[in-house]
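So this block is structure_1.txt, compact mmCIF, C-alpha atoms:
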# COMPACT_ATOMS: atom_id res chain seq x y z
CA MET H 1406 16.01 -24.95 -18.08
CA LYS H 1407 16.74 -21.56 -19.58
CA LEU H 1408 14.07 -18.97 -18.85
CA PRO H 1409 13.15 -16.39 -21.47
CA CYS H 1410 13.14 -12.73 -20.33
CA LYS H 1411 9.42 -12.41 -20.73
CA GLN H 1412 8.83 -15.20 -18.26
CA VAL H 1413 11.20 -13.58 -15.78
CA TRP H 1414 9.20 -10.33 -15.86
CA GLY H 1415 6.08 -12.29 -15.04
CA HIS H 1416 7.65 -13.47 -11.79
CA ILE H 1417 9.30 -10.27 -10.59
CA SER H 1418 6.66 -9.51 -8.01
CA GLU H 1419 6.71 -13.04 -6.56
CA TYR H 1420 10.50 -12.94 -6.55
CA LEU H 1421 10.44 -9.75 -4.49
CA ASP H 1422 8.00 -11.39 -2.09
CA LYS H 1423 10.16 -14.54 -1.89
CA ASP H 1424 7.10 -16.43 -3.05
CA LEU H 1425 8.57 -18.79 -5.64
CA ASP H 1426 9.20 -22.53 -5.85
CA VAL H 1427 12.83 -23.41 -5.29
CA GLU H 1428 13.23 -24.78 -8.81
CA LEU H 1429 11.93 -21.63 -10.46
CA LEU H 1430 13.92 -19.49 -8.06
CA VAL H 1431 17.16 -21.18 -9.09
CA ASP H 1432 16.40 -20.71 -12.80
CA LEU H 1433 15.40 -17.11 -12.24
CA GLU H 1434 18.54 -16.25 -10.29
CA LYS H 1435 20.69 -17.90 -12.93
CA HIS H 1436 18.98 -15.76 -15.56
CA LEU H 1437 19.37 -12.58 -13.51
CA GLU H 1438 23.09 -13.17 -13.09
CA ASN H 1439 23.54 -13.10 -16.84
CA CYS H 1440 20.90 -10.65 -18.00
CA GLU H 1441 21.49 -6.93 -17.45
CA VAL H 1442 18.05 -6.02 -18.74
CA CYS H 1443 16.15 -8.21 -16.31
CA SER H 1444 18.36 -7.35 -13.35
CA ALA H 1445 17.86 -3.61 -14.05
CA ILE H 1446 14.11 -4.19 -14.21
CA LEU H 1447 14.24 -6.11 -10.95
CA ASP H 1448 16.34 -3.42 -9.23
CA SER H 1449 14.09 -0.61 -10.40
CA THR H 1450 10.96 -2.47 -9.26
CA ARG H 1451 12.56 -3.24 -5.90
CA ASN H 1452 13.40 0.41 -5.51
CA VAL H 1453 9.82 1.41 -6.17
CA LEU H 1454 9.03 -0.60 -3.04
CA VAL H 1455 11.89 0.90 -1.04
CA LEU H 1456 10.70 4.35 -2.04
CA THR H 1457 7.12 3.49 -1.10
CA ALA H 1458 8.20 2.37 2.36
CA ASP H 1459 10.19 5.55 2.95
CA GLN H 1460 8.56 7.59 5.70
CA ARG H 1461 9.00 10.78 3.68
CA THR H 1462 7.05 9.61 0.66
CA TYR H 1463 3.75 10.11 2.41
CA GLU H 1464 3.75 12.79 5.05
CA LEU H 1465 1.08 13.99 7.42
CA PRO H 1466 -0.44 17.46 7.08
CA VAL H 1467 0.71 19.86 9.81
CA GLY H 1468 -1.59 19.67 12.85
CA TYR H 1469 -3.29 16.47 11.68
CA SER H 1470 -2.74 14.63 14.94
CA ASP H 1471 -3.99 17.50 17.13
CA ARG H 1472 -7.13 17.93 15.07
CA LEU H 1473 -7.77 14.19 15.07
CA HIS H 1474 -7.49 13.85 18.84
CA GLU H 1475 -9.60 16.94 19.46
CA LYS H 1476 -12.36 15.56 17.25
CA LEU H 1477 -12.08 12.19 18.97
CA GLU H 1478 -12.28 13.78 22.39
CA HIS H 1479 -15.66 15.28 21.50
CA ALA H 1480 -16.88 12.13 19.78
CA ILE H 1481 -15.92 9.88 22.70
CA ARG H 1482 -17.71 12.21 25.12
CA ASP H 1483 -20.84 12.30 22.95
CA ILE H 1484 -20.90 8.53 22.51
CA ARG H 1485 -20.43 7.97 26.24
CA ASN H 1486 -23.22 10.45 27.06
CA ILE H 1487 -25.63 8.70 24.71
CA GLU H 1488 -24.68 5.32 26.21
CA SER H 1489 -25.27 6.51 29.77
CA GLU H 1490 -28.57 8.14 28.78
CA ASP H 1491 -29.60 4.81 27.23
CA ARG H 1492 -28.68 2.97 30.42
CA SER H 1493 -30.61 5.35 32.65
CA GLY H 1494 -33.60 4.89 30.36
CA MET O 596 -3.10 -14.30 10.80
CA GLN O 597 -1.26 -12.67 13.62
CA ALA O 598 -3.29 -11.95 16.72
CA VAL O 599 -3.59 -8.65 18.53
CA SER O 600 -0.53 -7.54 20.55
CA GLN O 601 -0.72 -7.81 24.32
CA ASN O 602 -0.41 -4.08 24.80
CA ASP O 603 -3.24 -3.33 22.39
CA ALA O 604 -5.37 -6.11 23.91
CA GLU O 605 -4.95 -4.66 27.40
CA LEU O 606 -5.80 -1.16 26.27
CA ILE O 607 -8.87 -2.39 24.40
CA GLN O 608 -10.07 -4.28 27.46
CA ARG O 609 -9.72 -1.19 29.65
CA ILE O 610 -11.42 1.06 27.08
CA LEU O 611 -14.36 -1.34 26.86
CA ALA O 612 -14.51 -1.41 30.65
CA GLY O 613 -15.07 2.35 30.65
CA GLU O 614 -11.71 4.10 30.31
CA GLY O 615 -12.65 5.74 27.01
CA GLY O 616 -9.80 8.24 27.20
CA LEU O 617 -7.30 5.46 26.61
CA PHE O 618 -8.53 5.21 23.05
CA HIS O 619 -6.24 8.13 22.21
CA GLU O 620 -3.27 6.06 23.34
CA LEU O 621 -4.46 2.99 21.48
CA ILE O 622 -4.68 4.67 18.09
CA ARG O 623 -1.64 6.95 18.32
CA PRO O 624 0.79 4.46 16.70
CA TYR O 625 -1.62 3.92 13.82
CA GLU O 626 -2.86 7.41 13.01
CA LYS O 627 -0.38 7.95 10.18
CA MET O 628 -1.20 4.56 8.67
CA VAL O 629 -4.90 5.41 8.56
CA TYR O 630 -4.29 8.81 6.98
CA VAL O 631 -1.84 7.47 4.38
CA THR O 632 -4.22 4.69 3.36
CA LEU O 633 -6.99 7.22 2.80
CA PHE O 634 -4.72 9.72 1.10
CA ALA O 635 -3.37 7.12 -1.32
CA MET O 636 -6.92 6.08 -2.12
CA LEU O 637 -8.55 9.50 -2.30
CA ARG O 638 -5.65 11.66 -3.55
CA ASN O 639 -6.88 14.60 -1.54
CA GLU O 640 -5.52 15.83 1.79
CA ALA O 641 -8.72 17.31 3.20
CA GLU O 642 -10.81 14.26 2.23
CA ALA O 643 -8.19 11.93 3.69
CA GLU O 644 -8.07 13.82 6.98
CA ASP O 645 -11.83 13.97 7.24
CA GLY O 646 -11.98 10.27 6.42
CA ALA O 647 -9.33 9.42 9.00
CA GLN O 648 -11.38 11.17 11.70
CA ASP O 649 -14.45 9.18 10.69
CA VAL O 650 -12.45 5.94 10.70
CA MET O 651 -11.20 6.51 14.24
CA ILE O 652 -14.64 7.47 15.53
CA ASN O 653 -16.12 4.40 13.88
CA ALA O 654 -13.38 2.25 15.34
CA PHE O 655 -14.21 3.57 18.81
CA ARG O 656 -17.89 3.00 18.28
CA HIS O 657 -17.38 -0.58 17.09
CA LEU O 658 -14.44 -1.55 19.27
CA LYS O 659 -16.59 -4.22 20.91
CA SER O 660 -16.78 -6.06 17.59
CA PHE O 661 -12.98 -6.34 17.33
CA ARG O 662 -12.34 -10.00 17.99
CA GLY O 663 -8.61 -9.89 18.59
CA GLU O 664 -7.91 -12.61 16.03
CA SER O 665 -6.05 -10.16 13.82
CA LYS O 666 -3.72 -7.33 14.72
CA PHE O 667 -5.51 -4.15 15.75
CA SER O 668 -3.65 -2.31 12.97
CA THR O 669 -5.07 -4.71 10.36
CA TRP O 670 -8.58 -4.20 11.67
CA LEU O 671 -8.10 -0.42 11.58
CA VAL O 672 -6.61 -0.35 8.10
CA THR O 673 -9.50 -2.46 6.84
CA ILE O 674 -11.94 0.12 8.19
CA ALA O 675 -9.84 2.83 6.53
CA MET O 676 -9.87 1.00 3.20
CA ASN O 677 -13.64 0.60 3.39
CA GLU O 678 -14.03 4.29 4.19
CA GLY O 679 -11.80 5.11 1.21
CA ARG O 680 -13.86 2.88 -1.05
CA ARG O 681 -17.11 4.40 0.23
CA ARG O 682 -15.88 7.93 -0.43
CA LEU O 683 -14.59 6.98 -3.88
CA ARG O 684 -17.92 5.41 -4.78
CA LYS O 685 -19.65 8.57 -3.71
CA ALA O 686 -17.40 10.65 -5.91
CA LYS O 687 -17.22 8.45 -8.95
CA SER O 688 -19.70 7.47 -11.55
CA ALA O 689 -20.67 3.83 -11.98
CA ALA O 690 -19.38 3.96 -15.55
CA GLU O 691 -15.82 4.55 -14.40
CA ASP O 692 -16.03 1.62 -12.02
CA SER O 693 -17.05 -0.78 -14.74
CA ILE O 694 -14.14 0.32 -16.91
CA GLU O 695 -11.79 -0.51 -14.07
CA THR O 696 -13.28 -3.93 -13.43
CA SER O 697 -12.90 -4.84 -17.08
CA LEU O 698 -9.19 -4.07 -16.79
CA GLU O 699 -8.85 -7.22 -14.77
CA GLU O 700 -10.14 -9.38 -17.58
CA ARG O 701 -8.02 -7.69 -20.16
CA GLU O 702 -4.81 -9.29 -21.30
CA GLY O 703 -3.22 -5.90 -20.71
CA ASP O 704 0.26 -4.76 -21.39
CA PHE O 705 1.86 -5.31 -18.04
CA THR O 706 5.41 -5.51 -19.26
CA PRO O 707 7.99 -3.47 -17.40
CA ALA O 708 9.93 -0.58 -18.88
CA PHE O 709 13.47 -1.30 -19.96
CA LEU O 710 16.26 0.76 -18.63
CA THR O 711 19.68 0.77 -20.10
CA ASP O 712 21.33 0.60 -16.75
CA TRP O 713 20.56 1.92 -13.36
CA ARG O 714 23.70 2.64 -11.46
CA GLU O 715 22.21 5.15 -9.06
CA ILE O 716 22.65 3.98 -5.51
CA PRO O 717 19.18 3.40 -4.05
CA SER O 718 19.93 5.44 -0.93
CA GLU O 719 20.83 8.41 -3.16
CA ALA O 720 17.69 8.00 -5.21
CA LEU O 721 15.71 8.06 -1.99
CA GLU O 722 17.13 11.45 -1.15
CA ARG O 723 15.53 12.87 -4.24
CA LYS O 724 12.36 14.61 -3.21
CA GLU O 725 11.28 14.83 -6.83
CA LEU O 726 11.30 11.05 -7.13
CA ARG O 727 9.04 10.66 -4.11
CA GLY O 728 6.60 13.09 -5.71
CA LYS O 729 6.71 11.15 -8.96
CA LEU O 730 5.96 7.95 -7.09
CA ARG O 731 2.92 9.51 -5.38
CA GLU O 732 1.66 10.71 -8.77
CA ALA O 733 2.19 7.26 -10.26
CA VAL O 734 0.27 5.64 -7.40
CA ASP O 735 -2.52 8.19 -7.96
CA ARG O 736 -2.78 7.10 -11.57
CA LEU O 737 -3.15 3.40 -10.79
CA PRO O 738 -6.68 2.11 -11.40
CA THR O 739 -8.46 1.63 -8.06
CA ILE O 740 -8.37 -2.18 -8.05
CA TYR O 741 -4.59 -2.11 -8.33
CA ARG O 742 -4.10 0.89 -6.09
CA GLU O 743 -5.95 -0.66 -3.15
CA VAL O 744 -3.89 -3.85 -3.27
CA PHE O 745 -0.66 -1.88 -3.61
CA VAL O 746 -1.61 0.38 -0.68
CA LEU O 747 -2.34 -2.54 1.64
CA ARG O 748 0.59 -4.73 0.62
CA ASP O 749 3.44 -2.31 -0.06
CA LEU O 750 2.46 0.80 1.83
CA GLU O 751 0.83 -0.71 4.91
CA GLU O 752 2.71 -3.98 4.68
CA LEU O 753 -0.22 -6.29 5.28
CA ASN O 754 0.49 -9.87 4.24
CA GLN O 755 -1.26 -11.57 1.33
CA GLU O 756 -3.93 -13.20 3.48
CA GLU O 757 -4.70 -10.01 5.40
CA THR O 758 -4.96 -8.05 2.15
CA ALA O 759 -7.23 -10.67 0.61
CA ALA O 760 -9.48 -10.60 3.68
CA ALA O 761 -9.61 -6.80 3.81
CA LEU O 762 -10.59 -6.52 0.15
CA GLU O 763 -12.71 -9.67 0.08
CA ILE O 764 -10.78 -11.16 -2.83
CA THR O 765 -8.67 -14.31 -3.16
CA VAL O 766 -4.95 -14.49 -2.42
CA GLY O 767 -4.42 -15.34 -6.10
CA THR O 768 -6.14 -12.10 -7.14
CA VAL O 769 -4.02 -10.17 -4.63
CA LYS O 770 -0.87 -11.57 -6.26
CA VAL O 771 -1.97 -10.77 -9.82
CA ARG O 772 -3.09 -7.25 -8.98
CA LEU O 773 0.01 -6.52 -6.94
CA HIS O 774 2.29 -7.70 -9.72
CA ARG O 775 0.52 -5.48 -12.22
CA ALA O 776 0.54 -2.50 -9.87
CA ARG O 777 4.26 -2.83 -9.24
CA ILE O 778 5.05 -3.17 -12.92
CA MET O 779 2.90 -0.14 -13.77
CA LEU O 780 4.75 1.87 -11.13
CA GLN O 781 8.12 0.68 -12.38
CA LYS O 782 7.10 1.81 -15.84
CA SER O 783 6.05 5.24 -14.58
CA LEU O 784 9.23 5.81 -12.61
CA VAL O 785 11.86 4.60 -15.03
CA PRO O 786 11.98 7.88 -17.00
CA TYR O 787 12.95 9.67 -13.78
CA LEU O 788 15.71 7.32 -12.72
CA LYS O 789 19.21 8.44 -13.45
CA GLN O 790 20.56 6.19 -16.10
CA ASN O 791 24.23 6.79 -16.38
CA ALA O 792 25.21 4.32 -19.00
CA PRO O 793 24.14 5.14 -22.54
CA ALA O 794 22.49 2.40 -24.55
CA ARG O 795 25.21 0.30 -26.07
CA LYS O 796 25.39 -1.02 -29.52
CA GLY O 797 23.70 -4.33 -29.74
CA PHE O 798 21.76 -3.70 -26.56
CA PHE O 799 18.40 -4.48 -28.08
CA GLY O 800 19.81 -7.56 -29.66
CA ARG O 801 20.67 -8.83 -26.21
CA MET O 802 17.38 -7.87 -24.73
CA PHE O 803 15.69 -11.20 -25.29
CA GLN O 804 17.65 -14.19 -24.16

Let me see the structure of the file written as structure tokens.
Amino acid sequence: MKLPCKQVWGHISEYLDKDLDVELLVDLEKHLENCEVCSAILDSTRNVLVLTADQRTYELPVGYSDRLHEKLEHAIRDIRNIESEDRSG
Amino acid sequence: MQAVSQNDAELIQRILAGEGGLFHELIRPYEKMVYVTLFAMLRNEAEAEDGAQDVMINAFRHLKSFRGESKFSTWLVTIAMNEGRRRLRKAKSAAEDSIETSLEEREGDFTPAFLTDWREIPSEALERKELRGKLREAVDRLPTIYREVFVLRDLEELNQEETAAALEITVGTVKVRLHRARIMLQKSLVPYLKQNAPARKGFFGRMFQ
């Protein structure tokens, strides 16, 4: 069966997740082979995901890790102190 | 769902037995993930950092309740998502929330943007700092219900079931929201992609097969 473009767009996300029935997958791939518009849409959507996964897209603020562990150090100590006070009554 | 890794399980056991200092080691591989989740949700560095500290402290405090049925990272990212939601609720009016919920019901325009041709090699596009900035801005503009699914699925790479559990929604809803989020992002980014080939005559005629 020949798929219309509009139907292909509705399945782009599932296609990228490899979450399609075999039958639909075959029809979709056949369509993509022959349709420049849909394959460009697919490529650009796929690249949104590649870009999202790139480590440089979201970076940590300088010193984040040090500040986090320093804060944790204090918090762990406080929590442990409260716990031992509770135990000793 | 995947269970906790052996290394994490051992560390957790020792921390619960009294070696609290090992918590630093346990969370080190996940500290970026927690920050990024909060940053993508809150769109503010200081808030995200503050939130990340709270998430880790909460995780330490409630480590006993971690059952080990899921990965430790999934448990942590769920706490981060809840912290993000809590902070957003605090900052936002109820009116805005209801607008976003109604988006779900709407037969919205979730059609992708057309591009004449995209011949740019993906690895080259990735080198463009500007494009990464544009993506972050586009994620920022996503309505919360779409942004949270996108963050968990495509940024933190949780699977559909883990995402559904973290957000307390069905797998079907995860799929619908993710599809819409991805299409909205595609639409936002297309104007910034290098399109080498000019639109050809008859292009629009061929658009609908």

Long-range neighbours of Val785 (chain O) as JSON, numbers by chain, 8 Å cut-off, all atoms listed in the file, 5 positions minimum in chain: {"H": [1449], "O": [708, 709, 710]}

At most 9 Å to chain O: residues in chain H, only C-alpha atoms, as a ChimeraX atom specification: /H:1407-1411,1414-1419,1436,1440-1443,1445-1446,1448-1459,1461-1466,1469-1470,1472-1474,1476-1478,1480-1482,1484-1485

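Here CA of Leu737 (chain O) stands at a distance of 24.7 Å from CA of Tyr625 (chain O).
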
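Separating CA of Val650 (chain O) from CA of Arg638 (chain O) is a distance of 16.8 Å.
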
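Taking CA of Thr765 (chain O) as the reference point, CA of Gln1460 (chain H) is found at 29.2 Å.
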
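Proximity ranking of H:Leu1425, H:Val1467, H:Tyr1420, H:Arg1492 relative to Leu1437 (chain H) places H:Tyr1420 first, based on all atoms listed in the file.
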
Minimum-distance residue to Gly767 (chain O), chosen among H:Gln1412, H:Leu1430, H:Asp1424, H:Asp1483 (using only C-alpha atoms): H:Asp1424
